[in-house]
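K.L.:
Below you'll find run.pdb; it's PDB, C-alpha atoms.
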MODEL        1
ATOM      1  CA  MET P   1       0.000   0.000   0.000
ATOM      2  CA  SER P   2       1.322   3.454  -0.789
ATOM      3  CA  ILE P   3       0.632   6.807   0.819
ATOM      4  CA  GLU P   4      -1.856   8.827  -1.182
ATOM      5  CA  ILE P   5      -3.312  12.315  -1.063
ATOM      6  CA  GLY P   6      -6.581  12.245   0.855
ATOM      7  CA  MET P   7      -5.587   9.659   3.474
ATOM      8  CA  LYS P   8      -7.004  10.708   6.866
ATOM      9  CA  GLY P   9      -6.294  10.113  10.525
ATOM     10  CA  ARG P  10      -7.818  11.127  13.837
ATOM     11  CA  ALA P  11      -6.705  11.286  17.469
ATOM     12  CA  GLU P  12      -8.710  12.297  20.528
ATOM     13  CA  ALA P  13      -8.282  13.010  24.210
ATOM     14  CA  ALA P  14     -10.092  14.401  27.212
ATOM     15  CA  VAL P  15      -8.928  17.686  28.700
ATOM     16  CA  THR P  16      -7.682  16.960  32.219
ATOM     17  CA  PRO P  17      -5.675  18.992  34.726
ATOM     18  CA  ASP P  18      -2.557  17.186  33.419
ATOM     19  CA  ASN P  19      -2.787  18.511  29.836
ATOM     20  CA  THR P  20      -3.528  22.146  30.610
ATOM     21  CA  ALA P  21      -1.272  25.095  29.865
ATOM     22  CA  GLN P  22      -0.888  25.563  33.606
ATOM     23  CA  ALA P  23       0.352  21.981  34.086
ATOM     24  CA  VAL P  24       2.866  21.924  31.228
ATOM     25  CA  GLY P  25       4.200  25.433  31.774
ATOM     26  CA  SER P  26       3.044  26.931  28.485
ATOM     27  CA  GLY P  27       0.778  29.397  30.285
ATOM     28  CA  LEU P  28      -0.847  30.099  33.601
ATOM     29  CA  VAL P  29      -4.432  29.122  32.849
ATOM     30  CA  PRO P  30      -6.143  25.735  33.304
ATOM     31  CA  VAL P  31      -7.209  25.213  29.672
ATOM     32  CA  PHE P  32      -6.050  22.720  27.006
ATOM     33  CA  ALA P  33      -2.378  23.418  26.312
ATOM     34  CA  THR P  34      -1.073  24.311  22.865
ATOM     35  CA  PRO P  35       1.748  21.709  23.096
ATOM     36  CA  TRP P  36      -0.901  19.037  23.720
ATOM     37  CA  MET P  37      -2.974  20.262  20.755
ATOM     38  CA  ILE P  38       0.129  19.993  18.581
ATOM     39  CA  ALA P  39       0.837  16.474  19.858
ATOM     40  CA  LEU P  40      -2.754  15.492  19.046
ATOM     41  CA  MET P  41      -2.353  16.878  15.511
ATOM     42  CA  GLU P  42       0.892  14.959  15.040
ATOM     43  CA  ASN P  43      -0.746  11.782  16.327
ATOM     44  CA  ALA P  44      -3.605  12.197  13.839
ATOM     45  CA  ALA P  45      -1.044  12.527  11.030
ATOM     46  CA  VAL P  46       0.734   9.366  12.195
ATOM     47  CA  GLN P  47      -2.609   7.535  12.245
ATOM     48  CA  ALA P  48      -3.340   8.697   8.684
ATOM     49  CA  VAL P  49      -0.319   6.946   7.166
ATOM     50  CA  GLN P  50       1.071   4.332   9.545
ATOM     51  CA  GLY P  51      -0.961   1.521   7.995
ATOM     52  CA  ALA P  52       0.569   2.245   4.582
ATOM     53  CA  LEU P  53       4.165   1.934   5.786
ATOM     54  CA  SER P  54       6.259  -1.216   5.937
ATOM     55  CA  ALA P  55       7.160  -2.696   9.326
ATOM     56  CA  ASP P  56      10.646  -1.140   9.209
ATOM     57  CA  GLU P  57       9.364   2.384   8.498
ATOM     58  CA  GLY P  58       7.901   5.215  10.511
ATOM     59  CA  THR P  59       7.475   8.960  10.196
ATOM     60  CA  VAL P  60       8.940  11.882  12.100
ATOM     61  CA  GLY P  61       7.534  15.378  12.359
ATOM     62  CA  THR P  62       9.743  18.079  10.867
ATOM     63  CA  ARG P  63       7.572  21.189  10.520
ATOM     64  CA  LEU P  64       4.417  22.682  11.987
ATOM     65  CA  ASP P  65       2.588  25.883  11.119
ATOM     66  CA  VAL P  66      -0.525  25.960  13.266
ATOM     67  CA  THR P  67      -2.721  28.333  15.202
ATOM     68  CA  HIS P  68      -4.513  27.678  18.483
ATOM     69  CA  ASP P  69      -7.638  29.818  18.176
ATOM     70  CA  ALA P  70      -9.953  28.892  21.042
ATOM     71  CA  ALA P  71      -9.590  27.747  24.645
ATOM     72  CA  THR P  72     -10.969  24.427  25.878
ATOM     73  CA  PRO P  73     -11.750  23.905  29.577
ATOM     74  CA  VAL P  74     -11.023  20.827  31.668
ATOM     75  CA  GLY P  75     -13.738  18.223  31.171
ATOM     76  CA  MET P  76     -14.284  18.594  27.410
ATOM     77  CA  LYS P  77     -13.284  16.136  24.696
ATOM     78  CA  VAL P  78     -10.801  17.324  22.061
ATOM     79  CA  TRP P  79      -9.737  15.710  18.814
ATOM     80  CA  ALA P  80      -7.535  16.365  15.821
ATOM     81  CA  GLU P  81      -7.927  15.354  12.222
ATOM     82  CA  ALA P  82      -5.163  15.131   9.628
ATOM     83  CA  GLU P  83      -5.369  14.701   5.876
ATOM     84  CA  VAL P  84      -2.483  14.060   3.489
ATOM     85  CA  THR P  85      -2.341  16.976   1.033
ATOM     86  CA  ALA P  86       1.004  16.308  -0.678
ATOM     87  CA  VAL P  87       3.454  13.437  -1.133
ATOM     88  CA  GLU P  88       6.909  14.401  -2.419
ATOM     89  CA  GLY P  89       9.146  11.372  -2.143
ATOM     90  CA  ARG P  90       9.651  10.835   1.588
ATOM     91  CA  LYS P  91       8.149  14.230   2.525
ATOM     92  CA  LEU P  92       4.478  14.200   3.516
ATOM     93  CA  THR P  93       2.334  17.290   4.042
ATOM     94  CA  PHE P  94      -0.892  17.285   6.047
ATOM     95  CA  ALA P  95      -3.738  19.682   6.696
ATOM     96  CA  VAL P  96      -4.392  19.436  10.437
ATOM     97  CA  THR P  97      -7.390  20.692  12.381
ATOM     98  CA  ALA P  98      -8.267  20.461  16.079
ATOM     99  CA  PHE P  99     -11.740  20.569  17.599
ATOM    100  CA  ASP P 100     -13.519  20.483  20.919
ATOM    101  CA  GLU P 101     -17.193  19.832  21.537
ATOM    102  CA  GLY P 102     -17.893  23.491  20.756
ATOM    103  CA  GLY P 103     -16.180  23.547  17.343
ATOM    104  CA  ARG P 104     -12.830  24.242  15.717
ATOM    105  CA  ILE P 105     -10.030  25.260  18.091
ATOM    106  CA  GLY P 106      -7.011  25.299  15.767
ATOM    107  CA  GLY P 107      -5.508  24.285  12.479
ATOM    108  CA  GLY P 108      -2.705  24.565   9.978
ATOM    109  CA  THR P 109      -0.175  22.426   8.155
ATOM    110  CA  HIS P 110       2.241  19.739   9.285
ATOM    111  CA  GLN P 111       5.111  17.983   7.515
ATOM    112  CA  ARG P 112       6.537  14.578   8.285
ATOM    113  CA  PHE P 113       9.274  12.491   6.663
ATOM    114  CA  ILE P 114       9.234   8.751   6.141
ATOM    115  CA  ILE P 115      12.213   7.141   7.859
ATOM    116  CA  LYS P 116      13.789   3.703   8.125
ATOM    117  CA  LEU P 117      13.470   3.071  11.860
ATOM    118  CA  GLU P 118      16.715   1.166  12.463
ATOM    119  CA  ARG P 119      18.857   3.654  10.541
ATOM    120  CA  PHE P 120      17.164   6.661  12.165
ATOM    121  CA  LEU P 121      17.614   5.291  15.686
ATOM    122  CA  ALA P 122      21.245   4.312  15.013
ATOM    123  CA  ARG P 123      22.052   7.844  13.872
ATOM    124  CA  ALA P 124      20.364   9.326  16.932
ATOM    125  CA  GLN P 125      22.197   6.912  19.260
ATOM    126  CA  ALA P 126      25.523   7.752  17.614
ATOM    127  CA  LYS P 127      25.277  11.245  19.098
ATOM    128  CA  LEU P 128      26.059   9.694  22.491
ATOM    129  CA  GLU P 129      29.319   8.288  21.161
ATOM    130  CA  ARG P 130      30.788  11.601  20.009
TER     131      ARG P 130
ENDMDL
END
Is it possible to express this structure as C-alpha coordinates?

P.N.:
Amino acid sequence: MSIEIGMKGRAEAAVTPDNTAQAVGSGLVPVFATPWMIALMENAAVQAVQGALSADEGTVGTRLDVTHDAATPVGMKVWAEAEVTAVEGRKLTFAVTAFDEGGRIGGGTHQRFIIKLERFLARAQAKLER
(Lines of atoms letter the chains of each structure in order from A and count residues from 1; the text may use other names and numbers.)
(Lines give C-alpha, C1' and ligand atoms only; values in the text may rest on other atoms or scores of the structure.)
Protein backbone atom coordinates (compact mmCIF):
# COMPACT_ATOMS: atom_id res chain seq x y z
CA MET A 1 0.00 0.00 0.00
CA SER A 2 1.32 3.45 -0.79
CA ILE A 3 0.63 6.81 0.82
CA GLU A 4 -1.86 8.83 -1.18
CA ILE A 5 -3.31 12.31 -1.06
CA GLY A 6 -6.58 12.25 0.86
CA MET A 7 -5.59 9.66 3.47
CA LYS A 8 -7.00 10.71 6.87
CA GLY A 9 -6.29 10.11 10.52
CA ARG A 10 -7.82 11.13 13.84
CA ALA A 11 -6.70 11.29 17.47
CA GLU A 12 -8.71 12.30 20.53
CA ALA A 13 -8.28 13.01 24.21
CA ALA A 14 -10.09 14.40 27.21
CA VAL A 15 -8.93 17.69 28.70
CA THR A 16 -7.68 16.96 32.22
CA PRO A 17 -5.67 18.99 34.73
CA ASP A 18 -2.56 17.19 33.42
CA ASN A 19 -2.79 18.51 29.84
CA THR A 20 -3.53 22.15 30.61
CA ALA A 21 -1.27 25.10 29.87
CA GLN A 22 -0.89 25.56 33.61
CA ALA A 23 0.35 21.98 34.09
CA VAL A 24 2.87 21.92 31.23
CA GLY A 25 4.20 25.43 31.77
CA SER A 26 3.04 26.93 28.49
CA GLY A 27 0.78 29.40 30.29
CA LEU A 28 -0.85 30.10 33.60
CA VAL A 29 -4.43 29.12 32.85
CA PRO A 30 -6.14 25.74 33.30
CA VAL A 31 -7.21 25.21 29.67
CA PHE A 32 -6.05 22.72 27.01
CA ALA A 33 -2.38 23.42 26.31
CA THR A 34 -1.07 24.31 22.87
CA PRO A 35 1.75 21.71 23.10
CA TRP A 36 -0.90 19.04 23.72
CA MET A 37 -2.97 20.26 20.76
CA ILE A 38 0.13 19.99 18.58
CA ALA A 39 0.84 16.47 19.86
CA LEU A 40 -2.75 15.49 19.05
CA MET A 41 -2.35 16.88 15.51
CA GLU A 42 0.89 14.96 15.04
CA ASN A 43 -0.75 11.78 16.33
CA ALA A 44 -3.60 12.20 13.84
CA ALA A 45 -1.04 12.53 11.03
CA VAL A 46 0.73 9.37 12.20
CA GLN A 47 -2.61 7.53 12.24
CA ALA A 48 -3.34 8.70 8.68
CA VAL A 49 -0.32 6.95 7.17
CA GLN A 50 1.07 4.33 9.55
CA GLY A 51 -0.96 1.52 7.99
CA ALA A 52 0.57 2.24 4.58
CA LEU A 53 4.17 1.93 5.79
CA SER A 54 6.26 -1.22 5.94
CA ALA A 55 7.16 -2.70 9.33
CA ASP A 56 10.65 -1.14 9.21
CA GLU A 57 9.36 2.38 8.50
CA GLY A 58 7.90 5.22 10.51
CA THR A 59 7.47 8.96 10.20
CA VAL A 60 8.94 11.88 12.10
CA GLY A 61 7.53 15.38 12.36
CA THR A 62 9.74 18.08 10.87
CA ARG A 63 7.57 21.19 10.52
CA LEU A 64 4.42 22.68 11.99
CA ASP A 65 2.59 25.88 11.12
CA VAL A 66 -0.52 25.96 13.27
CA THR A 67 -2.72 28.33 15.20
CA HIS A 68 -4.51 27.68 18.48
CA ASP A 69 -7.64 29.82 18.18
CA ALA A 70 -9.95 28.89 21.04
CA ALA A 71 -9.59 27.75 24.65
CA THR A 72 -10.97 24.43 25.88
CA PRO A 73 -11.75 23.90 29.58
CA VAL A 74 -11.02 20.83 31.67
CA GLY A 75 -13.74 18.22 31.17
CA MET A 76 -14.28 18.59 27.41
CA LYS A 77 -13.28 16.14 24.70
CA VAL A 78 -10.80 17.32 22.06
CA TRP A 79 -9.74 15.71 18.81
CA ALA A 80 -7.54 16.37 15.82
CA GLU A 81 -7.93 15.35 12.22
CA ALA A 82 -5.16 15.13 9.63
CA GLU A 83 -5.37 14.70 5.88
CA VAL A 84 -2.48 14.06 3.49
CA THR A 85 -2.34 16.98 1.03
CA ALA A 86 1.00 16.31 -0.68
CA VAL A 87 3.45 13.44 -1.13
CA GLU A 88 6.91 14.40 -2.42
CA GLY A 89 9.15 11.37 -2.14
CA ARG A 90 9.65 10.83 1.59
CA LYS A 91 8.15 14.23 2.53
CA LEU A 92 4.48 14.20 3.52
CA THR A 93 2.33 17.29 4.04
CA PHE A 94 -0.89 17.28 6.05
CA ALA A 95 -3.74 19.68 6.70
CA VAL A 96 -4.39 19.44 10.44
CA THR A 97 -7.39 20.69 12.38
CA ALA A 98 -8.27 20.46 16.08
CA PHE A 99 -11.74 20.57 17.60
CA ASP A 100 -13.52 20.48 20.92
CA GLU A 101 -17.19 19.83 21.54
CA GLY A 102 -17.89 23.49 20.76
CA GLY A 103 -16.18 23.55 17.34
CA ARG A 104 -12.83 24.24 15.72
CA ILE A 105 -10.03 25.26 18.09
CA GLY A 106 -7.01 25.30 15.77
CA GLY A 107 -5.51 24.28 12.48
CA GLY A 108 -2.70 24.57 9.98
CA THR A 109 -0.17 22.43 8.16
CA HIS A 110 2.24 19.74 9.28
CA GLN A 111 5.11 17.98 7.52
CA ARG A 112 6.54 14.58 8.29
CA PHE A 113 9.27 12.49 6.66
CA ILE A 114 9.23 8.75 6.14
CA ILE A 115 12.21 7.14 7.86
CA LYS A 116 13.79 3.70 8.12
CA LEU A 117 13.47 3.07 11.86
CA GLU A 118 16.72 1.17 12.46
CA ARG A 119 18.86 3.65 10.54
CA PHE A 120 17.16 6.66 12.17
CA LEU A 121 17.61 5.29 15.69
CA ALA A 122 21.24 4.31 15.01
CA ARG A 123 22.05 7.84 13.87
CA ALA A 124 20.36 9.33 16.93
CA GLN A 125 22.20 6.91 19.26
CA ALA A 126 25.52 7.75 17.61
CA LYS A 127 25.28 11.25 19.10
CA LEU A 128 26.06 9.69 22.49
CA GLU A 129 29.32 8.29 21.16
CA ARG A 130 30.79 11.60 20.01

K.L.:
Restrict the calculation to only C-alpha atoms, then for each residue of stretch 39-93 of chain P with any atom at most 12 Å from an atom of stretch 20-28 of chain P give the closest atom pair and their distance in Å to one decimal, rows by chain and rising residue number, as JSON lines.

P.N.:
{"residue": "P:Ala71", "atom": "CA", "partner": "P:Ala21", "partner_atom": "CA", "distance": 10.2}
{"residue": "P:Thr72", "atom": "CA", "partner": "P:Thr20", "partner_atom": "CA", "distance": 9.1}
{"residue": "P:Pro73", "atom": "CA", "partner": "P:Thr20", "partner_atom": "CA", "distance": 8.5}
{"residue": "P:Val74", "atom": "CA", "partner": "P:Thr20", "partner_atom": "CA", "distance": 7.7}
{"residue": "P:Gly75", "atom": "CA", "partner": "P:Thr20", "partner_atom": "CA", "distance": 11.0}
{"residue": "P:Met76", "atom": "CA", "partner": "P:Thr20", "partner_atom": "CA", "distance": 11.8}

K.L.:
Would you work out the distance separating atom CA of P:Val60 from atom CA of P:Leu121, expressed in Å to one decimal?

P.N.:
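Separation between atom CA of P:Val60 and atom CA of P:Leu121: 11.5 Å.
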
K.L.:
Identify, on the basis of all atoms listed in the file, every residue whose closest approach to P:Gly6 does not exceed 8 Å; exclude the query and any residue fewer than 6 positions from it along the same chain; express the result as a ChimeraX atom specification.

P.N.:
/P:83-85

K.L.:
Evaluating the PyMOL selection byres ((chain P and resi 116) around 12) on the displayed file yields which residues, as a ChimeraX atom specification?

P.N.:
/P:53-60,90,113-115,117-123

K.L.:
Report, in Å with one decimal, the straight-line distance from atom CA of P:Ala124 to atom CA of P:Gly89.

P.N.:
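It comes out at 22.2 Å.
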
K.L.:
Go through P:Pro17, P:Gly9, P:Gly61, P:Gly102 one by one, measure the shortest atom-to-atom distance of each to P:Val49 using only C-alpha atoms, and give the residue with the smallest value.

P.N.:
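The closest residue to P:Val49 is P:Gly9.
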
K.L.:
Once the PyMOL selection byres ((chain P and resi 67) around 9) is applied to the coordinates I shared, what remains selected? I want it as number ranges by chain.

P.N.:
P: 34, 65-66, 68-69, 105-108

K.L.:
Rounded to one decimal, what separation in Å do you get between atom CA of P:Val15 and atom CA of P:Ala82?

P.N.:
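Those two atoms sit 19.6 Å apart.
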
K.L.:
Is there a way to complete stretch 14-40 of chain P with N, CA and C atoms and then write that out as a CSV table (one decimal), in the frame of the given file?

P.N.:
chain,number,residue,atom,x,y,z
P,14,ALA,N,-9.3,13.6,26.3
P,14,ALA,CA,-10.1,14.4,27.2
P,14,ALA,C,-9.2,15.5,27.8
P,15,VAL,N,-9.7,16.6,28.0
P,15,VAL,CA,-8.9,17.7,28.7
P,15,VAL,C,-9.0,17.4,30.2
P,16,THR,N,-7.8,17.2,30.8
P,16,THR,CA,-7.7,17.0,32.2
P,16,THR,C,-6.7,18.0,32.8
P,17,PRO,N,-6.6,18.1,34.1
P,17,PRO,CA,-5.7,19.0,34.7
P,17,PRO,C,-4.2,18.7,34.3
P,18,ASP,N,-3.9,17.5,33.8
P,18,ASP,CA,-2.6,17.2,33.4
P,18,ASP,C,-2.2,17.7,32.0
P,19,ASN,N,-3.1,18.0,31.2
P,19,ASN,CA,-2.8,18.5,29.8
P,19,ASN,C,-3.2,20.0,29.6
P,20,THR,N,-3.2,20.7,30.7
P,20,THR,CA,-3.5,22.1,30.6
P,20,THR,C,-2.2,23.0,30.5
P,21,ALA,N,-2.4,24.2,30.0
P,21,ALA,CA,-1.3,25.1,29.9
P,21,ALA,C,-0.6,25.3,31.2
P,22,GLN,N,-1.4,25.4,32.2
P,22,GLN,CA,-0.9,25.6,33.6
P,22,GLN,C,0.0,24.4,34.0
P,23,ALA,N,-0.4,23.2,33.7
P,23,ALA,CA,0.4,22.0,34.1
P,23,ALA,C,1.7,21.8,33.3
P,24,VAL,N,1.7,22.2,32.0
P,24,VAL,CA,2.9,21.9,31.2
P,24,VAL,C,3.8,23.1,31.2
P,25,GLY,N,3.4,24.2,31.7
P,25,GLY,CA,4.2,25.4,31.8
P,25,GLY,C,4.2,26.3,30.5
P,26,SER,N,3.1,26.1,29.7
P,26,SER,CA,3.0,26.9,28.5
P,26,SER,C,2.1,28.1,28.7
P,27,GLY,N,1.7,28.3,29.9
P,27,GLY,CA,0.8,29.4,30.3
P,27,GLY,C,0.4,29.2,31.7
P,28,LEU,N,-0.4,30.1,32.2
P,28,LEU,CA,-0.8,30.1,33.6
P,28,LEU,C,-2.3,29.7,33.8
P,29,VAL,N,-3.0,29.4,32.7
P,29,VAL,CA,-4.4,29.1,32.8
P,29,VAL,C,-4.7,27.6,32.7
P,30,PRO,N,-5.8,27.2,33.4
P,30,PRO,CA,-6.1,25.7,33.3
P,30,PRO,C,-7.1,25.4,32.1
P,31,VAL,N,-6.5,25.6,30.9
P,31,VAL,CA,-7.2,25.2,29.7
P,31,VAL,C,-6.3,24.3,28.8
P,32,PHE,N,-6.8,23.6,27.8
P,32,PHE,CA,-6.0,22.7,27.0
P,32,PHE,C,-4.8,23.4,26.5
P,33,ALA,N,-3.7,22.8,26.7
P,33,ALA,CA,-2.4,23.4,26.3
P,33,ALA,C,-2.1,23.3,24.8
P,34,THR,N,-1.5,24.3,24.3
P,34,THR,CA,-1.1,24.3,22.9
P,34,THR,C,-0.1,23.2,22.6
P,35,PRO,N,0.9,22.9,23.4
P,35,PRO,CA,1.7,21.7,23.1
P,35,PRO,C,1.0,20.4,23.0
P,36,TRP,N,-0.1,20.2,23.8
P,36,TRP,CA,-0.9,19.0,23.7
P,36,TRP,C,-1.7,19.0,22.4
P,37,MET,N,-2.2,20.2,22.0
P,37,MET,CA,-3.0,20.3,20.8
P,37,MET,C,-2.1,19.8,19.6
P,38,ILE,N,-0.8,20.3,19.6
P,38,ILE,CA,0.1,20.0,18.6
P,38,ILE,C,0.4,18.5,18.6
P,39,ALA,N,0.6,17.9,19.8
P,39,ALA,CA,0.8,16.5,19.9
P,39,ALA,C,-0.3,15.7,19.3
P,40,LEU,N,-1.6,16.2,19.6
P,40,LEU,CA,-2.8,15.5,19.0
P,40,LEU,C,-2.8,15.6,17.5
